[in-house]
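Written out below as structure tokens is the structure these notes cover.
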Amino acid sequence: MKQKTLQKSFTLSGIGLHTGLDIVVTFHPAPEDHGYKIKRIDLEDQPIIELLAENVVNTQRGTVIGKGNVTVSTVEHGLAALYALGIDNCLIEVNSSEFPILDGSAIEYVKSIREAGICEQQKDKDYYIVRKKMEVSDPETGSKLVLLPDDCFCINSFIEFESKYIPNQSASMDCTTAFETEIAPSRTFVFVRELQQLRQAGLIKGGNLDNAIVIYERKLSQEDLDSLADSLNLPHQNAEEMGYINKRPLAFPNEPARHKLLDIIGDMALIGKPIKGRIIATRPGHKINNQLARLVRKDIKQNEVQPPIYDVNDVPVMDNIRIRELLPHRYPFLMVDKVVQKTDRYIVGVKNITTNEPFFTGHFPQEPVMPGVLQVEAMAQTGGLLVLSGLDEPERYSTYFLKIDNVKFRQKVVPGDTLTFRVELTTEIRRGIATMRGLAFIGNKLVSEADFTAQIVKNK
């Protein structure tokens, strides 16, 4: 899968939920590896904030992103639309400290993205692939999020409130293709009992019955209810009539649960990569969503590149016969057994280390260890398969080392280990020169790495 951006820019305008201001937000195409960034065009120096989990400064009634004294709130609905529709790179310009609330859902963002169009870029998507269970919880609130391995990005969400109208609800998304019709139209919701407190906190100045589901489930006196409605510029409601107070009927019977799922997507967009994994969410909220996103970000920072996925049951992209057609190496110097993944930018090769390797005879008789230089040689051969497979008549060419840099060895490689090599082009191939980055793994552990430059030469 390739990275994607917008085909063209689009603009949306509307009232801010918390500020009550008229706001304009514009989404622009962005180059590869740009990610999501916000520019505050209403400020003199037009500061830019990277939309990453560690830049979240507040999670009260929405996700607030910040840098220094500059903040932007209610970003989650727009980000959910970008993330679910596969947009990797986007620059967002906004003229206020929050995004417009629109109708309280993500559907207007989805419609605008579809109208603007989605453009495929040249570089591959860099997925965050969940390899092991990750969990965050809050004993005080009972909130818990569990992230598990899965083939795609999917969510199961469960909410629970002290209300007979939504005592508990659930929603699920098994694939992001369902987002547009099943999740995006779900609006944010609020209880009448929360409104006065939010108002006193200086929030929801732009809240109304057009941009939120309002739930009246605890009886107030008619006088108190009328006073609250007047303070929020809402129509008066009969204090005896409990339930949902809205001009528009519910889009789904479990619309609140679906909106909470929408919020999870928007908050997970802040990890900076598309996810392959399943989230099981119990009583989710922006605070705990951000805790999980930060945990994933920490793992991303600690692992420059995730270990390749190697399933011994998969049919190889190149078997040993094909490898020997492309490489001139033969026993005892052919260091790649098979290739299990390959794109135009990177390749994953496998080398099974057996006790019969000839170099173990002298390295070392009492403690067999694979020489580091041979690990680098195996990476280089894997990289050679990447560049040679893209040529016409590849058997007429060979690759030769020109330079090796930044070599590191982190762990011994011994009989019984299986090495997986991930080699990626770091620049375009020019004039027969290929610059690559090689990483060698045993399971999930990085054991060696190197940068190297090779020359592609036609055989005589």
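Chains: A, B, ... in order of the structure tokens. Residues: from 1 per chain. Ligands: from 1, in order shown.
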Handout entry: All strand (DSSP E or B) residues (DSSP, backbone) inside region 244-391 of chain A, as a PyMOL selection string
Key = chain A and resi 244-245+275-282+318+338-342+346-352
I need the residues from that last selection saved to file as a JSON list (two decimals), in the first residue's frame (with N, CA and C atoms), if you can.
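Okay, out-v4.json is ready:
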```json
[["chain", "number", "residue", "atom", "x", "y", "z"],
["A", 244, "TYR", "N", -34.19, 11.81, 24.89],
["A", 244, "TYR", "CA", -33.34, 12.55, 23.96],
["A", 244, "TYR", "C", -34.02, 13.84, 23.54],
["A", 245, "ILE", "N", -33.28, 14.96, 23.63],
["A", 245, "ILE", "CA", -33.82, 16.27, 23.25],
["A", 245, "ILE", "C", -33.09, 16.69, 21.97],
["A", 275, "ILE", "N", -2.58, 1.72, 11.76],
["A", 275, "ILE", "CA", -2.44, 0.57, 12.66],
["A", 275, "ILE", "C", -2.97, -0.70, 12.00],
["A", 276, "LYS", "N", -2.28, -1.80, 12.25],
["A", 276, "LYS", "CA", -2.84, -3.12, 12.01],
["A", 276, "LYS", "C", -2.96, -3.79, 13.37],
["A", 277, "GLY", "N", -4.18, -3.74, 13.93],
["A", 277, "GLY", "CA", -4.41, -4.28, 15.25],
["A", 277, "GLY", "C", -5.85, -4.03, 15.67],
["A", 278, "ARG", "N", -6.26, -4.68, 16.74],
["A", 278, "ARG", "CA", -7.64, -4.56, 17.24],
["A", 278, "ARG", "C", -7.63, -3.93, 18.62],
["A", 279, "ILE", "N", -8.50, -2.94, 18.81],
["A", 279, "ILE", "CA", -8.66, -2.29, 20.11],
["A", 279, "ILE", "C", -9.95, -2.78, 20.75],
["A", 280, "ILE", "N", -9.84, -3.26, 21.99],
["A", 280, "ILE", "CA", -11.00, -3.60, 22.81],
["A", 280, "ILE", "C", -11.10, -2.49, 23.86],
["A", 281, "ALA", "N", -12.14, -1.68, 23.76],
["A", 281, "ALA", "CA", -12.26, -0.50, 24.62],
["A", 281, "ALA", "C", -13.45, -0.63, 25.56],
["A", 282, "THR", "N", -13.20, -0.46, 26.85],
["A", 282, "THR", "CA", -14.25, -0.46, 27.87],
["A", 282, "THR", "C", -14.28, 0.92, 28.52],
["A", 318, "MET", "N", 10.56, -15.20, -3.35],
["A", 318, "MET", "CA", 11.66, -15.81, -4.12],
["A", 318, "MET", "C", 12.14, -17.03, -3.35],
["A", 338, "LYS", "N", 15.69, -17.50, 1.33],
["A", 338, "LYS", "CA", 14.47, -17.14, 0.61],
["A", 338, "LYS", "C", 14.11, -15.70, 0.90],
["A", 339, "VAL", "N", 13.23, -15.15, 0.05],
["A", 339, "VAL", "CA", 12.70, -13.79, 0.21],
["A", 339, "VAL", "C", 11.21, -13.92, 0.48],
["A", 340, "VAL", "N", 10.75, -13.24, 1.56],
["A", 340, "VAL", "CA", 9.34, -13.39, 1.96],
["A", 340, "VAL", "C", 8.50, -12.13, 1.73],
["A", 341, "GLN", "N", 9.15, -11.00, 1.51],
["A", 341, "GLN", "CA", 8.44, -9.76, 1.17],
["A", 341, "GLN", "C", 9.30, -8.95, 0.22],
["A", 342, "LYS", "N", 8.64, -8.22, -0.69],
["A", 342, "LYS", "CA", 9.40, -7.33, -1.58],
["A", 342, "LYS", "C", 8.47, -6.28, -2.17],
["A", 346, "TYR", "N", 11.68, -1.86, -0.50],
["A", 346, "TYR", "CA", 12.35, -2.69, 0.50],
["A", 346, "TYR", "C", 12.12, -4.16, 0.22],
["A", 347, "ILE", "N", 12.93, -4.99, 0.91],
["A", 347, "ILE", "CA", 12.87, -6.44, 0.73],
["A", 347, "ILE", "C", 13.14, -7.10, 2.08],
["A", 348, "VAL", "N", 12.56, -8.28, 2.28],
["A", 348, "VAL", "CA", 12.79, -9.05, 3.50],
["A", 348, "VAL", "C", 13.30, -10.44, 3.11],
["A", 349, "GLY", "N", 14.52, -10.75, 3.55],
["A", 349, "GLY", "CA", 15.12, -12.05, 3.26],
["A", 349, "GLY", "C", 15.29, -12.86, 4.53],
["A", 350, "VAL", "N", 15.47, -14.17, 4.38],
["A", 350, "VAL", "CA", 15.59, -15.08, 5.52],
["A", 350, "VAL", "C", 16.84, -15.94, 5.37],
["A", 351, "LYS", "N", 17.55, -16.11, 6.47],
["A", 351, "LYS", "CA", 18.70, -17.01, 6.52],
["A", 351, "LYS", "C", 18.57, -17.88, 7.76],
["A", 352, "ASN", "N", 18.45, -19.20, 7.56],
["A", 352, "ASN", "CA", 18.40, -20.14, 8.68],
["A", 352, "ASN", "C", 19.82, -20.55, 9.04]]
```
Quick one: which region 62-166 of chain A residues come within 10 Å of region 216-225 of chain A, and what is the nearest atom pair for each with the distance in Å to one decimal, counting only C-alpha atoms, rows ordered by chain and ascending number, as JSON lines?
```
{"residue": "A:Glu162", "atom": "CA", "partner": "A:Glu217", "partner_atom": "CA", "distance": 9.4}
{"residue": "A:Ser163", "atom": "CA", "partner": "A:Glu217", "partner_atom": "CA", "distance": 6.5}
{"residue": "A:Lys164", "atom": "CA", "partner": "A:Glu217", "partner_atom": "CA", "distance": 7.3}
{"residue": "A:Tyr165", "atom": "CA", "partner": "A:Glu217", "partner_atom": "CA", "distance": 7.2}
{"residue": "A:Ile166", "atom": "CA", "partner": "A:Glu217", "partner_atom": "CA", "distance": 9.7}
```
For the selection just defined, write its residues with C-alpha atoms to a file, as a short mmCIF file (atom, residue, chain, number, x, y, z; two decimals), in the first residue's frame.
```
data_model
loop_
_atom_site.label_atom_id
_atom_site.label_comp_id
_atom_site.auth_asym_id
_atom_site.auth_seq_id
_atom_site.Cartn_x
_atom_site.Cartn_y
_atom_site.Cartn_z
CA GLU A 162 -25.59 5.85 35.08
CA SER A 163 -28.54 6.51 32.80
CA LYS A 164 -31.52 4.39 31.83
CA TYR A 165 -31.23 5.71 28.27
CA ILE A 166 -27.68 4.51 27.69
#
```
Exercise for the section: Could you check which of A:Asp45, A:Glu240, A:Glu135, A:Glu54 is closest to Leu148 (chain A), using only C-alpha atoms? Expected result: A:Glu135
Can you pull out the residues contacting Leu198 (chain A)? Cut-off 12 Å, using only C-alpha atoms, and skip same-chain residues under 4 positions away; I want them as an mmCIF file with N, CA and C atoms, in the first residue's frame.
```
data_model
loop_
_atom_site.group_PDB
_atom_site.id
_atom_site.type_symbol
_atom_site.label_atom_id
_atom_site.label_comp_id
_atom_site.auth_asym_id
_atom_site.auth_seq_id
_atom_site.Cartn_x
_atom_site.Cartn_y
_atom_site.Cartn_z
ATOM 1 N N LEU A 17 -17.420 24.568 19.048
ATOM 2 C CA LEU A 17 -18.228 24.036 20.145
ATOM 3 C C LEU A 17 -17.944 24.759 21.456
ATOM 4 N N HIS A 18 -16.677 24.989 21.762
ATOM 5 C CA HIS A 18 -16.325 25.562 23.061
ATOM 6 C C HIS A 18 -16.177 27.080 23.017
ATOM 7 N N GLN A 60 -10.086 17.248 28.238
ATOM 8 C CA GLN A 60 -11.387 17.544 28.820
ATOM 9 C C GLN A 60 -12.395 17.846 27.720
ATOM 10 N N ARG A 61 -13.386 16.990 27.536
ATOM 11 C CA ARG A 61 -14.447 17.165 26.541
ATOM 12 C C ARG A 61 -13.891 17.306 25.125
ATOM 13 N N VAL A 190 -24.206 14.650 25.096
ATOM 14 C CA VAL A 190 -24.000 15.257 26.400
ATOM 15 C C VAL A 190 -25.266 15.067 27.226
ATOM 16 N N PHE A 191 -25.109 14.957 28.543
ATOM 17 C CA PHE A 191 -26.248 14.869 29.453
ATOM 18 C C PHE A 191 -26.621 16.271 29.932
ATOM 19 N N VAL A 192 -27.913 16.506 30.124
ATOM 20 C CA VAL A 192 -28.378 17.799 30.633
ATOM 21 C C VAL A 192 -27.705 18.125 31.959
ATOM 22 N N ARG A 193 -27.512 17.102 32.809
ATOM 23 C CA ARG A 193 -26.893 17.316 34.116
ATOM 24 C C ARG A 193 -25.459 17.829 34.021
ATOM 25 N N GLU A 194 -24.813 17.659 32.844
ATOM 26 C CA GLU A 194 -23.433 18.127 32.648
ATOM 27 C C GLU A 194 -23.364 19.540 32.104
ATOM 28 N N GLY A 202 -16.554 27.476 31.128
ATOM 29 C CA GLY A 202 -16.243 28.254 29.933
ATOM 30 C C GLY A 202 -16.252 27.451 28.658
ATOM 31 N N LEU A 203 -16.898 26.275 28.689
ATOM 32 C CA LEU A 203 -16.938 25.401 27.516
ATOM 33 C C LEU A 203 -18.322 25.433 26.872
ATOM 34 N N ILE A 204 -18.457 24.755 25.752
ATOM 35 C CA ILE A 204 -19.691 24.563 24.960
ATOM 36 C C ILE A 204 -20.453 25.859 24.694
ATOM 37 N N LYS A 205 -19.741 26.973 24.452
ATOM 38 C CA LYS A 205 -20.408 28.224 24.097
ATOM 39 C C LYS A 205 -21.118 28.116 22.755
ATOM 40 N N GLY A 206 -20.671 27.165 21.913
ATOM 41 C CA GLY A 206 -21.297 26.985 20.610
ATOM 42 C C GLY A 206 -22.171 25.748 20.534
ATOM 43 N N GLY A 207 -22.452 25.131 21.670
ATOM 44 C CA GLY A 207 -23.265 23.920 21.669
ATOM 45 C C GLY A 207 -24.736 24.219 21.437
ATOM 46 N N LEU A 228 -31.526 26.946 32.562
ATOM 47 C CA LEU A 228 -30.394 26.333 31.874
ATOM 48 C C LEU A 228 -30.543 26.492 30.365
ATOM 49 N N SER A 231 -29.639 30.018 29.327
ATOM 50 C CA SER A 231 -28.200 30.308 29.383
ATOM 51 C C SER A 231 -27.450 29.727 28.199
ATOM 52 N N LEU A 232 -28.028 28.687 27.602
ATOM 53 C CA LEU A 232 -27.380 28.017 26.464
ATOM 54 C C LEU A 232 -28.070 28.311 25.140
#
```
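Remark: for Asp417 (chain A), the closest of the candidate residues A:Gly117, A:Pro368, A:Pro332, A:Pro100 is A:Pro368 (distances computed over only C-alpha atoms).
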Practice task
Skip Gly104 (chain A) itself and residues of its chain fewer than 3 positions away, then list as a ChimeraX atom specification all residues within 10 Å of it, counting only C-alpha atoms.
Solution key: /A:17,77,100-101,107-108,184-189,207-213,259
Exercise for the section: From a DSSP calculation on the backbone, collect every residue of region 56-303 of chain A in helix (DSSP H, G or I) and output the set as a ChimeraX atom specification. Expected result: /A:76-84,107-116,176-183,192-200,222-231,255-271,286-302
Practice task
Using CA of Ile92 (chain A) and CA of Ser9 (chain A) as the two end points, give the distance in Å to one decimal.
Solution key: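 We find that CA of Ile92 (chain A) and CA of Ser9 (chain A) lie 9.5 Å from each other.
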